[in-house]
file coords06.cif (mmCIF, C-alpha atoms)
data_start
loop_
_atom_site.group_PDB
_atom_site.id
_atom_site.type_symbol
_atom_site.label_atom_id
_atom_site.label_comp_id
_atom_site.auth_asym_id
_atom_site.auth_seq_id
_atom_site.Cartn_x
_atom_site.Cartn_y
_atom_site.Cartn_z
ATOM 1 C CA MET T 1 153.192 99.400 80.978
ATOM 2 C CA LEU T 2 156.443 99.719 78.972
ATOM 3 C CA PHE T 3 154.699 101.964 76.441
ATOM 4 C CA GLN T 4 153.461 104.220 79.271
ATOM 5 C CA HIS T 5 157.002 104.673 80.629
ATOM 6 C CA ILE T 6 158.397 105.383 77.133
ATOM 7 C CA LYS T 7 155.635 107.954 76.536
ATOM 8 C CA ARG T 8 156.359 109.692 79.868
ATOM 9 C CA LEU T 9 160.089 109.803 79.156
ATOM 10 C CA ALA T 10 159.569 111.119 75.605
ATOM 11 C CA LEU T 11 157.278 113.898 76.855
ATOM 12 C CA PHE T 12 159.768 114.810 79.577
ATOM 13 C CA VAL T 13 162.649 115.027 77.080
ATOM 14 C CA LEU T 14 160.556 117.032 74.596
ATOM 15 C CA VAL T 15 159.469 119.652 77.151
ATOM 16 C CA ASN T 16 162.979 120.074 78.549
ATOM 17 C CA ALA T 17 164.467 120.355 75.052
ATOM 18 C CA LEU T 18 161.916 123.066 74.231
ATOM 19 C CA CYS T 19 162.758 124.915 77.477
ATOM 20 C CA THR T 20 166.473 124.752 76.666
ATOM 21 C CA PHE T 21 165.961 126.025 73.117
ATOM 22 C CA LEU T 22 163.809 128.963 74.241
ATOM 23 C CA CYS T 23 166.268 129.936 76.982
ATOM 24 C CA TYR T 24 169.250 129.951 74.626
ATOM 25 C CA LEU T 25 167.336 132.108 72.161
ATOM 26 C CA ILE T 26 165.885 134.641 74.577
ATOM 27 C CA ILE T 27 168.389 135.159 77.418
ATOM 28 C CA PRO T 28 171.492 136.328 75.461
ATOM 29 C CA PHE T 29 169.324 138.740 73.464
ATOM 30 C CA VAL T 30 167.793 140.264 76.629
ATOM 31 C CA LEU T 31 171.145 140.558 78.425
ATOM 32 C CA LYS T 32 172.732 142.300 75.443
ATOM 33 C CA LEU T 33 169.883 144.834 75.446
ATOM 34 C CA PHE T 34 171.016 145.779 78.957
ATOM 35 C CA GLY T 35 174.658 145.955 77.872
ATOM 36 C CA ILE T 36 175.729 142.850 79.821
ATOM 37 C CA ASP T 37 178.672 140.938 78.359
ATOM 38 C CA ILE T 38 178.004 137.232 78.836
ATOM 39 C CA GLY T 39 181.617 136.448 77.944
ATOM 40 C CA GLY T 40 182.962 137.588 81.337
ATOM 41 C CA SER T 41 182.819 135.512 84.516
ATOM 42 C CA ARG T 42 180.087 137.598 86.163
ATOM 43 C CA GLY T 43 178.139 137.863 82.922
ATOM 44 C CA MET T 44 178.339 134.096 82.499
ATOM 45 C CA LEU T 45 177.078 133.540 86.048
ATOM 46 C CA LEU T 46 174.141 135.868 85.428
ATOM 47 C CA PHE T 47 173.396 134.134 82.125
ATOM 48 C CA PHE T 48 173.426 130.687 83.711
ATOM 49 C CA PHE T 49 171.390 131.907 86.687
ATOM 50 C CA VAL T 50 168.681 133.331 84.427
ATOM 51 C CA TYR T 51 168.902 130.224 82.242
ATOM 52 C CA GLY T 52 168.581 127.862 85.210
ATOM 53 C CA MET T 53 165.701 129.766 86.794
ATOM 54 C CA MET T 54 163.877 130.269 83.513
ATOM 55 C CA GLY T 55 164.131 126.581 82.644
ATOM 56 C CA SER T 56 162.850 125.574 86.087
ATOM 57 C CA ALA T 57 160.037 128.132 85.909
ATOM 58 C CA ILE T 58 158.838 126.790 82.549
ATOM 59 C CA SER T 59 158.989 123.217 83.862
ATOM 60 C CA VAL T 60 156.962 124.122 86.976
ATOM 61 C CA VAL T 61 154.350 126.061 84.989
ATOM 62 C CA LEU T 62 153.945 123.161 82.552
ATOM 63 C CA SER T 63 154.080 120.526 85.296
ATOM 64 C CA LYS T 64 150.344 119.994 85.767
ATOM 65 C CA PRO T 65 149.299 119.523 82.118
ATOM 66 C CA MET T 66 152.487 117.566 81.426
ATOM 67 C CA VAL T 67 151.972 115.134 84.315
ATOM 68 C CA LYS T 68 148.248 114.758 83.636
ATOM 69 C CA ARG T 69 149.023 113.765 80.057
ATOM 70 C CA SER T 70 151.970 111.489 80.793
ATOM 71 C CA TYR T 71 150.246 109.603 83.628
ATOM 72 C CA GLY T 72 146.855 109.562 81.926
ATOM 73 C CA VAL T 73 145.184 111.255 84.914
ATOM 74 C CA ARG T 74 141.402 111.533 84.771
ATOM 75 C CA THR T 75 140.233 114.536 86.763
ATOM 76 C CA ILE T 76 137.018 114.151 88.726
ATOM 77 C CA ALA T 77 134.625 116.858 87.537
ATOM 78 C CA VAL T 78 131.556 114.933 88.695
ATOM 79 C CA PRO T 79 132.123 111.903 90.997
ATOM 80 C CA ARG T 80 131.040 108.648 89.363
ATOM 81 C CA ASN T 81 130.726 106.591 92.527
ATOM 82 C CA GLU T 82 130.932 106.709 96.316
ATOM 83 C CA ASP T 83 134.735 106.292 96.371
ATOM 84 C CA GLU T 84 135.248 109.283 94.094
ATOM 85 C CA ARG T 85 132.738 111.341 96.085
ATOM 86 C CA TRP T 86 134.576 110.511 99.301
ATOM 87 C CA LEU T 87 137.917 111.361 97.676
ATOM 88 C CA VAL T 88 136.757 114.815 96.538
ATOM 89 C CA GLU T 89 135.129 115.619 99.893
ATOM 90 C CA THR T 90 138.225 114.543 101.816
ATOM 91 C CA VAL T 91 140.538 116.670 99.655
ATOM 92 C CA LYS T 92 138.159 119.621 100.132
ATOM 93 C CA TYR T 93 138.211 119.167 103.913
ATOM 94 C CA ILE T 94 142.025 118.988 104.103
ATOM 95 C CA ALA T 95 142.417 121.944 101.725
ATOM 96 C CA GLY T 96 140.240 123.980 104.094
ATOM 97 C CA LYS T 97 142.385 122.937 107.040
ATOM 98 C CA LYS T 98 145.554 123.881 105.141
ATOM 99 C CA GLY T 99 144.162 127.204 103.904
ATOM 100 C CA VAL T 100 144.627 126.462 100.209
ATOM 101 C CA LYS T 101 142.228 126.635 97.298
ATOM 102 C CA MET T 102 140.512 123.369 96.428
ATOM 103 C CA PRO T 103 142.847 121.598 93.975
ATOM 104 C CA GLU T 104 141.846 119.430 91.059
ATOM 105 C CA VAL T 105 141.424 115.813 92.096
ATOM 106 C CA GLY T 106 142.322 112.973 89.765
ATOM 107 C CA ILE T 107 142.869 109.234 89.396
ATOM 108 C CA TRP T 108 145.228 107.349 87.132
ATOM 109 C CA GLN T 109 145.063 103.653 86.323
ATOM 110 C CA SER T 110 148.117 101.863 87.704
ATOM 111 C CA SER T 111 149.159 98.877 89.801
ATOM 112 C CA GLU T 112 151.579 101.201 91.644
ATOM 113 C CA VAL T 113 150.433 102.148 95.147
ATOM 114 C CA ASN T 114 151.109 105.872 94.945
ATOM 115 C CA ALA T 115 149.764 109.443 94.941
ATOM 116 C CA PHE T 116 151.197 112.810 93.947
ATOM 117 C CA ALA T 117 150.663 116.569 93.996
ATOM 118 C CA THR T 118 151.709 118.997 91.294
ATOM 119 C CA GLY T 119 151.007 122.517 90.082
ATOM 120 C CA TRP T 120 152.768 125.856 89.728
ATOM 121 C CA ASN T 121 151.225 127.438 92.840
ATOM 122 C CA ARG T 122 149.126 126.688 95.914
ATOM 123 C CA ASP T 123 145.904 127.812 94.229
ATOM 124 C CA ASP T 124 146.346 125.888 90.973
ATOM 125 C CA ALA T 125 147.302 122.400 92.110
ATOM 126 C CA LEU T 126 146.397 118.834 91.249
ATOM 127 C CA VAL T 127 146.241 115.956 93.727
ATOM 128 C CA ALA T 128 145.993 112.523 92.114
ATOM 129 C CA VAL T 129 145.896 108.960 93.390
ATOM 130 C CA SER T 130 146.525 105.685 91.602
ATOM 131 C CA SER T 131 143.667 103.226 91.188
ATOM 132 C CA ALA T 132 145.731 100.745 93.215
ATOM 133 C CA ILE T 133 146.113 102.970 96.275
ATOM 134 C CA LEU T 134 142.397 103.813 96.155
ATOM 135 C CA SER T 135 141.413 100.143 96.209
ATOM 136 C CA ARG T 136 144.061 98.753 98.589
ATOM 137 C CA MET T 137 144.267 101.317 101.384
ATOM 138 C CA ASP T 138 141.558 101.805 103.966
ATOM 139 C CA ARG T 139 140.105 105.276 104.290
ATOM 140 C CA ASN T 140 142.083 106.273 107.374
ATOM 141 C CA GLU T 141 145.343 105.458 105.579
ATOM 142 C CA LEU T 142 144.226 107.195 102.401
ATOM 143 C CA LYS T 143 143.207 110.320 104.355
ATOM 144 C CA ALA T 144 146.754 110.470 105.718
ATOM 145 C CA VAL T 145 148.193 110.136 102.188
ATOM 146 C CA LEU T 146 145.985 112.984 100.965
ATOM 147 C CA GLY T 147 147.076 115.039 103.975
ATOM 148 C CA HIS T 148 150.683 114.439 102.963
ATOM 149 C CA GLU T 149 150.084 115.579 99.393
ATOM 150 C CA LEU T 150 148.109 118.665 100.402
ATOM 151 C CA SER T 151 150.909 119.546 102.839
ATOM 152 C CA HIS T 152 153.221 119.664 99.807
ATOM 153 C CA VAL T 153 150.745 122.065 98.178
ATOM 154 C CA ALA T 154 150.377 124.232 101.299
ATOM 155 C CA ASN T 155 154.157 124.368 101.788
ATOM 156 C CA GLY T 156 154.710 125.437 98.169
ATOM 157 C CA ASP T 157 157.086 122.529 97.673
ATOM 158 C CA MET T 158 156.724 122.325 93.889
ATOM 159 C CA VAL T 159 157.905 125.915 93.450
ATOM 160 C CA THR T 160 160.581 125.631 96.144
ATOM 161 C CA MET T 161 162.073 122.527 94.538
ATOM 162 C CA GLY T 162 162.038 124.291 91.167
ATOM 163 C CA ILE T 163 163.942 127.269 92.602
ATOM 164 C CA ILE T 164 166.529 125.045 94.289
ATOM 165 C CA GLN T 165 167.025 123.039 91.087
ATOM 166 C CA GLY T 166 167.394 126.229 89.034
ATOM 167 C CA ILE T 167 170.062 127.641 91.368
ATOM 168 C CA ILE T 168 171.976 124.350 91.406
ATOM 169 C CA ASN T 169 171.825 124.101 87.602
ATOM 170 C CA ALA T 170 173.193 127.648 87.287
ATOM 171 C CA PHE T 171 176.210 126.988 89.511
ATOM 172 C CA VAL T 172 176.926 123.601 87.922
ATOM 173 C CA LEU T 173 177.098 125.164 84.449
ATOM 174 C CA TRP T 174 179.064 128.213 85.611
ATOM 175 C CA LEU T 175 181.648 126.244 87.594
ATOM 176 C CA SER T 176 182.132 123.659 84.842
ATOM 177 C CA VAL T 177 182.805 126.408 82.268
ATOM 178 C CA LEU T 178 185.023 128.413 84.617
ATOM 179 C CA VAL T 179 187.150 125.485 85.851
ATOM 180 C CA ALA T 180 187.432 123.941 82.370
ATOM 181 C CA SER T 181 188.665 127.283 80.998
ATOM 182 C CA MET T 182 191.307 127.481 83.733
ATOM 183 C CA LEU T 183 192.486 123.890 83.352
ATOM 184 C CA SER T 184 192.631 124.020 79.558
ATOM 185 C CA GLY T 185 194.260 127.455 79.396
ATOM 186 C CA ARG T 186 191.515 128.582 77.070
ATOM 187 C CA GLY T 187 191.320 131.981 78.726
ATOM 188 C CA ASP T 188 195.075 132.642 78.508
ATOM 189 C CA ARG T 189 196.284 135.133 75.926
ATOM 190 C CA ASP T 190 199.088 132.799 74.913
ATOM 191 C CA GLY T 191 196.830 129.715 74.997
ATOM 192 C CA ARG T 192 197.634 127.214 72.286
ATOM 193 C CA ALA T 193 195.126 126.146 69.662
ATOM 194 C CA GLY T 194 194.824 122.801 71.421
ATOM 195 C CA SER T 195 193.434 124.497 74.524
ATOM 196 C CA ALA T 196 190.009 124.757 72.866
ATOM 197 C CA VAL T 197 190.004 121.001 72.255
ATOM 198 C CA GLY T 198 190.993 120.398 75.895
ATOM 199 C CA TYR T 199 188.200 122.676 77.059
ATOM 200 C CA TYR T 200 185.535 120.787 75.115
ATOM 201 C CA VAL T 201 186.797 117.508 76.590
ATOM 202 C CA ILE T 202 187.063 118.740 80.197
ATOM 203 C CA GLN T 203 183.892 120.847 80.432
ATOM 204 C CA PRO T 204 181.326 118.024 79.900
ATOM 205 C CA VAL T 205 183.189 115.831 82.411
ATOM 206 C CA LEU T 206 183.179 118.611 85.018
ATOM 207 C CA GLN T 207 179.513 119.280 84.341
ATOM 208 C CA ILE T 208 178.727 115.629 85.135
ATOM 209 C CA VAL T 209 180.860 115.711 88.305
ATOM 210 C CA PHE T 210 179.470 119.012 89.596
ATOM 211 C CA GLY T 211 175.986 117.917 88.532
ATOM 212 C CA LEU T 212 176.343 114.798 90.679
ATOM 213 C CA PHE T 213 177.183 116.885 93.746
ATOM 214 C CA GLY T 214 174.348 119.263 92.887
ATOM 215 C CA THR T 215 171.919 116.360 92.648
ATOM 216 C CA ILE T 216 172.965 115.191 96.117
ATOM 217 C CA VAL T 217 172.053 118.641 97.500
ATOM 218 C CA VAL T 218 168.685 118.701 95.703
ATOM 219 C CA ARG T 219 167.847 115.152 96.818
ATOM 220 C CA TRP T 220 168.753 115.960 100.447
ATOM 221 C CA PHE T 221 166.409 118.967 100.333
ATOM 222 C CA SER T 222 163.676 116.802 98.794
ATOM 223 C CA ARG T 223 163.984 114.237 101.588
ATOM 224 C CA TRP T 224 163.693 117.006 104.179
ATOM 225 C CA ARG T 225 160.488 118.235 102.516
ATOM 226 C CA GLU T 226 159.042 114.714 102.731
ATOM 227 C CA TYR T 227 159.496 114.686 106.507
ATOM 228 C CA ARG T 228 157.660 118.023 106.647
ATOM 229 C CA ALA T 229 154.799 116.721 104.501
ATOM 230 C CA ASP T 230 154.441 113.643 106.751
ATOM 231 C CA ALA T 231 154.289 115.921 109.795
ATOM 232 C CA GLY T 232 151.754 118.122 107.986
ATOM 233 C CA SER T 233 149.468 115.132 107.510
ATOM 234 C CA ALA T 234 149.890 114.156 111.167
ATOM 235 C CA ALA T 235 148.836 117.690 112.157
ATOM 236 C CA VAL T 236 145.422 117.071 110.558
ATOM 237 C CA TYR T 237 144.691 113.429 111.392
ATOM 238 C CA GLY T 238 147.315 112.457 113.957
ATOM 239 C CA LYS T 239 150.461 110.454 113.422
ATOM 240 C CA ALA T 240 148.909 106.948 113.692
ATOM 241 C CA PRO T 241 147.117 107.047 110.273
ATOM 242 C CA MET T 242 150.251 108.389 108.558
ATOM 243 C CA ILE T 243 152.377 105.631 110.106
ATOM 244 C CA ALA T 244 149.810 103.034 109.013
ATOM 245 C CA ALA T 245 149.807 104.489 105.487
ATOM 246 C CA LEU T 246 153.601 104.286 105.239
ATOM 247 C CA ARG T 247 153.537 100.669 106.412
ATOM 248 C CA ALA T 248 150.880 99.909 103.793
ATOM 249 C CA LEU T 249 153.102 101.528 101.145
ATOM 250 C CA GLY T 250 155.931 99.232 102.176
ATOM 251 C CA ALA T 251 153.691 96.222 101.631
ATOM 252 C CA GLY T 252 152.536 97.270 98.147
ATOM 253 C CA PRO T 253 154.304 97.145 94.762
ATOM 254 C CA SER T 254 157.203 99.594 94.581
ATOM 255 C CA PRO T 255 156.617 102.557 92.235
ATOM 256 C CA LYS T 256 158.906 102.907 89.237
ATOM 257 C CA GLN T 257 161.476 105.686 89.435
ATOM 258 C CA ARG T 258 160.019 108.630 87.547
ATOM 259 C CA PRO T 259 162.302 110.951 85.545
ATOM 260 C CA ASP T 260 163.318 114.136 87.368
ATOM 261 C CA GLY T 261 161.531 117.281 86.325
ATOM 262 C CA THR T 262 158.033 115.884 85.967
ATOM 263 C CA GLY T 263 157.055 118.423 88.582
ATOM 264 C CA CYS T 264 155.205 116.135 90.959
ATOM 265 C CA LEU T 265 155.860 115.162 94.547
ATOM 266 C CA CYS T 266 154.880 111.558 95.220
ATOM 267 C CA ILE T 267 154.028 109.887 98.519
ATOM 268 C CA ASN T 268 156.595 107.224 97.658
ATOM 269 C CA ASP T 269 159.227 107.215 94.924
ATOM 270 C CA GLY T 270 161.224 104.424 93.319
ATOM 271 C CA PHE T 271 164.397 103.980 95.350
ATOM 272 C CA SER T 272 167.726 104.963 93.834
ATOM 273 C CA PHE T 273 170.908 102.883 94.025
ATOM 274 C CA THR T 274 171.701 104.711 97.277
ATOM 275 C CA GLU T 275 169.639 106.698 99.753
ATOM 276 C CA LEU T 276 171.950 109.655 99.114
ATOM 277 C CA MET T 277 170.480 109.930 95.600
ATOM 278 C CA SER T 278 166.874 109.248 96.555
ATOM 279 C CA THR T 279 164.140 111.886 96.612
ATOM 280 C CA HIS T 280 162.480 110.195 99.608
ATOM 281 C CA PRO T 281 163.822 108.915 102.938
ATOM 282 C CA THR T 282 163.309 105.225 103.649
ATOM 283 C CA LEU T 283 159.875 104.338 104.956
ATOM 284 C CA GLU T 284 161.499 103.160 108.194
ATOM 285 C CA LYS T 285 163.103 106.575 108.785
ATOM 286 C CA ARG T 286 159.864 108.368 108.013
ATOM 287 C CA ILE T 287 157.978 106.186 110.473
ATOM 288 C CA ALA T 288 160.664 106.761 113.127
ATOM 289 C CA ALA T 289 160.402 110.551 112.624
ATOM 290 C CA LEU T 290 156.620 110.400 112.990
ATOM 291 C CA GLU T 291 156.853 108.327 116.156
ATOM 292 C CA LYS T 292 158.914 111.089 117.752
ATOM 293 C CA LEU T 293 156.139 113.633 117.196
ATOM 294 C CA PRO T 294 153.905 114.443 120.203
ATOM 295 C CA ASN T 295 150.486 112.798 120.271
#

call {"tool": "encode", "arguments": {"input": "coords06.cif", "output": "structure tokens"}}
result
Amino acid sequence: MLFQHIKRLALFVLVNALCTFLCYLIIPFVLKLFGIDIGGSRGMLLFFFVYGMMGSAISVVLSKPMVKRSYGVRTIAVPRNEDERWLVETVKYIAGKKGVKMPEVGIWQSSEVNAFATGWNRDDALVAVSSAILSRMDRNELKAVLGHELSHVANGDMVTMGIIQGIINAFVLWLSVLVASMLSGRGDRDGRAGSAVGYYVIQPVLQIVFGLFGTIVVRWFSRWREYRADAGSAAVYGKAPMIAALRALGAGPSPKQRPDGTGCLCINDGFSFTELMSTHPTLEKRIAALEKLPN
């Protein structure tokens, strides 16, 4: 289990490092071709915006193969047994109801009771379930879980979250550079030599601070999308199976917190030190929201 988590983290770091390297090589060159000075405030904002969006776009496009490899997902080309046959047929039925192309269906071996959806667009998605959730949930509960994941696909949540993260990243970088330059006097004509040293001390600190606030915004948006996905499942099968599925999730082993940027949207995520920093609302709040829906 420890080796699996180390492998996932290493793959995540490697892909993001590659994205960063490519962005720093390509973006300044392209902007200079159009005569845009990235040294000015507006030029910097444009640079960071393109950088943030390009990095998110690469992460989203690579999300499916990256997650399949890191989780060890086995896609079901030909069902091996009745459970797998039922799983594929159920996903096909819900996909038809949601008006999306049939996604790939997969299973990964894990004691975590969980499921996720990933993919760069609605017509090139993957829906996967853990071996634990397949064996421990009854079929009504599991249908609701699959409805939740396919609602993420139908809503385009993977792409939307990537766009939001890219925009937040752009403003975090831009503000940290701008404010650090002002505080250190780096941009002043009469700025002392020490101002450069002050800038390189202040800027990383501001990036962490602004990044924290940015993360709060992204996590709030993620929690809102989870409520929508729960409601999307209830629209197909009714709210009772989704409520039962959430209660079953609460009774099972808690999933480990996955690193951000893996590009998947789980039915249940490892809880952060505070709900403010969590990608998912509490199960109790999700159940309460479902109970308010009409029958």

call {"tool": "closest_residue", "arguments": {"input": "coords06.cif", "among": "T:Pro281, T:Gly185, T:Gly119, T:Gly99", "to": "Arg228 (chain T)", "atoms": "only C-alpha atoms"}}
result
T:Pro281

call {"tool": "resolve_selection", "arguments": {"input": "coords06.cif", "expression": "the PyMOL selection byres ((chain T and resi 76) around 8)", "output": "ChimeraX atom specification"}}
result
/T:74-75,77-79,84,88,104-107

call {"tool": "resolve_selection", "arguments": {"input": "coords06.cif", "expression": "the PyMOL selection byres ((chain T and resi 293) around 12)", "output": "PDB file with C-alpha atoms, in the frame of the given file"}}
result
ATOM      1  CA  TYR T 227     159.496 114.686 106.507  1.00  0.00           C
ATOM      2  CA  ARG T 228     157.660 118.023 106.647  1.00  0.00           C
ATOM      3  CA  ASP T 230     154.441 113.643 106.751  1.00  0.00           C
ATOM      4  CA  ALA T 231     154.289 115.921 109.795  1.00  0.00           C
ATOM      5  CA  GLY T 232     151.754 118.122 107.986  1.00  0.00           C
ATOM      6  CA  SER T 233     149.468 115.132 107.510  1.00  0.00           C
ATOM      7  CA  ALA T 234     149.890 114.156 111.167  1.00  0.00           C
ATOM      8  CA  ALA T 235     148.836 117.690 112.157  1.00  0.00           C
ATOM      9  CA  GLY T 238     147.315 112.457 113.957  1.00  0.00           C
ATOM     10  CA  LYS T 239     150.461 110.454 113.422  1.00  0.00           C
ATOM     11  CA  ALA T 240     148.909 106.948 113.692  1.00  0.00           C
ATOM     12  CA  MET T 242     150.251 108.389 108.558  1.00  0.00           C
ATOM     13  CA  ILE T 243     152.377 105.631 110.106  1.00  0.00           C
ATOM     14  CA  ARG T 286     159.864 108.368 108.013  1.00  0.00           C
ATOM     15  CA  ILE T 287     157.978 106.186 110.473  1.00  0.00           C
ATOM     16  CA  ALA T 288     160.664 106.761 113.127  1.00  0.00           C
ATOM     17  CA  ALA T 289     160.402 110.551 112.624  1.00  0.00           C
ATOM     18  CA  LEU T 290     156.620 110.400 112.990  1.00  0.00           C
ATOM     19  CA  GLU T 291     156.853 108.327 116.156  1.00  0.00           C
ATOM     20  CA  LYS T 292     158.914 111.089 117.752  1.00  0.00           C
ATOM     21  CA  PRO T 294     153.905 114.443 120.203  1.00  0.00           C
ATOM     22  CA  ASN T 295     150.486 112.798 120.271  1.00  0.00           C
TER      23      ASN T 295
END

call {"tool": "resolve_selection", "arguments": {"input": "coords06.cif", "expression": "the PyMOL selection byres ((chain T and resi 108) around 12)", "output": "PyMOL selection string"}}
result
chain T and resi 4+67-76+105-107+109-116+127-134

call {"tool": "atom_distance", "arguments": {"input": "coords06.cif", "atom1": "CA of Asp124 (chain T)", "atom2": "CA of Pro103 (chain T)"}}
result
6.3 Å

call {"tool": "atom_distance", "arguments": {"input": "coords06.cif", "atom1": "CA of Gly198 (chain T)", "atom2": "CA of Ala170 (chain T)"}}
result
22.3 Å

call {"tool": "build_atoms", "arguments": {"input": "coords06.cif", "residues": "region 162-177 of chain T", "atoms": "N, CA and C atoms", "output": "PDB file, in the coordinates of the input"}}
result
ATOM      1  N   GLY T 162     161.648 123.721  92.451  1.00  0.00           N
ATOM      2  CA  GLY T 162     162.038 124.291  91.167  1.00  0.00           C
ATOM      3  C   GLY T 162     163.101 125.361  91.321  1.00  0.00           C
ATOM      4  N   ILE T 163     162.953 126.211  92.347  1.00  0.00           N
ATOM      5  CA  ILE T 163     163.942 127.269  92.602  1.00  0.00           C
ATOM      6  C   ILE T 163     165.293 126.676  92.969  1.00  0.00           C
ATOM      7  N   ILE T 164     165.277 125.694  93.874  1.00  0.00           N
ATOM      8  CA  ILE T 164     166.529 125.045  94.289  1.00  0.00           C
ATOM      9  C   ILE T 164     167.223 124.401  93.090  1.00  0.00           C
ATOM     10  N   GLN T 165     166.442 123.698  92.261  1.00  0.00           N
ATOM     11  CA  GLN T 165     167.025 123.039  91.087  1.00  0.00           C
ATOM     12  C   GLN T 165     167.601 124.060  90.116  1.00  0.00           C
ATOM     13  N   GLY T 166     166.904 125.186  89.933  1.00  0.00           N
ATOM     14  CA  GLY T 166     167.394 126.229  89.034  1.00  0.00           C
ATOM     15  C   GLY T 166     168.710 126.817  89.501  1.00  0.00           C
ATOM     16  N   ILE T 167     168.823 127.088  90.805  1.00  0.00           N
ATOM     17  CA  ILE T 167     170.062 127.641  91.368  1.00  0.00           C
ATOM     18  C   ILE T 167     171.209 126.647  91.215  1.00  0.00           C
ATOM     19  N   ILE T 168     170.936 125.393  91.523  1.00  0.00           N
ATOM     20  CA  ILE T 168     171.976 124.350  91.406  1.00  0.00           C
ATOM     21  C   ILE T 168     172.420 124.218  89.954  1.00  0.00           C
ATOM     22  N   ASN T 169     171.477 124.205  89.028  1.00  0.00           N
ATOM     23  CA  ASN T 169     171.825 124.101  87.602  1.00  0.00           C
ATOM     24  C   ASN T 169     172.729 125.252  87.170  1.00  0.00           C
ATOM     25  N   ALA T 170     172.409 126.468  87.649  1.00  0.00           N
ATOM     26  CA  ALA T 170     173.193 127.648  87.287  1.00  0.00           C
ATOM     27  C   ALA T 170     174.641 127.505  87.737  1.00  0.00           C
ATOM     28  N   PHE T 171     174.841 127.088  88.991  1.00  0.00           N
ATOM     29  CA  PHE T 171     176.210 126.988  89.511  1.00  0.00           C
ATOM     30  C   PHE T 171     176.971 125.817  88.897  1.00  0.00           C
ATOM     31  N   VAL T 172     176.265 124.736  88.580  1.00  0.00           N
ATOM     32  CA  VAL T 172     176.926 123.601  87.922  1.00  0.00           C
ATOM     33  C   VAL T 172     177.471 124.027  86.562  1.00  0.00           C
ATOM     34  N   LEU T 173     176.659 124.709  85.765  1.00  0.00           N
ATOM     35  CA  LEU T 173     177.098 125.164  84.449  1.00  0.00           C
ATOM     36  C   LEU T 173     178.219 126.191  84.560  1.00  0.00           C
ATOM     37  N   TRP T 174     178.067 127.145  85.462  1.00  0.00           N
ATOM     38  CA  TRP T 174     179.064 128.213  85.611  1.00  0.00           C
ATOM     39  C   TRP T 174     180.408 127.655  86.062  1.00  0.00           C
ATOM     40  N   LEU T 175     180.395 126.805  87.083  1.00  0.00           N
ATOM     41  CA  LEU T 175     181.648 126.244  87.594  1.00  0.00           C
ATOM     42  C   LEU T 175     182.326 125.345  86.568  1.00  0.00           C
ATOM     43  N   SER T 176     181.532 124.560  85.834  1.00  0.00           N
ATOM     44  CA  SER T 176     182.132 123.659  84.842  1.00  0.00           C
ATOM     45  C   SER T 176     182.815 124.451  83.734  1.00  0.00           C
ATOM     46  N   VAL T 177     182.197 125.559  83.300  1.00  0.00           N
ATOM     47  CA  VAL T 177     182.805 126.408  82.268  1.00  0.00           C
ATOM     48  C   VAL T 177     184.039 127.114  82.813  1.00  0.00           C
TER      49      VAL T 177
END
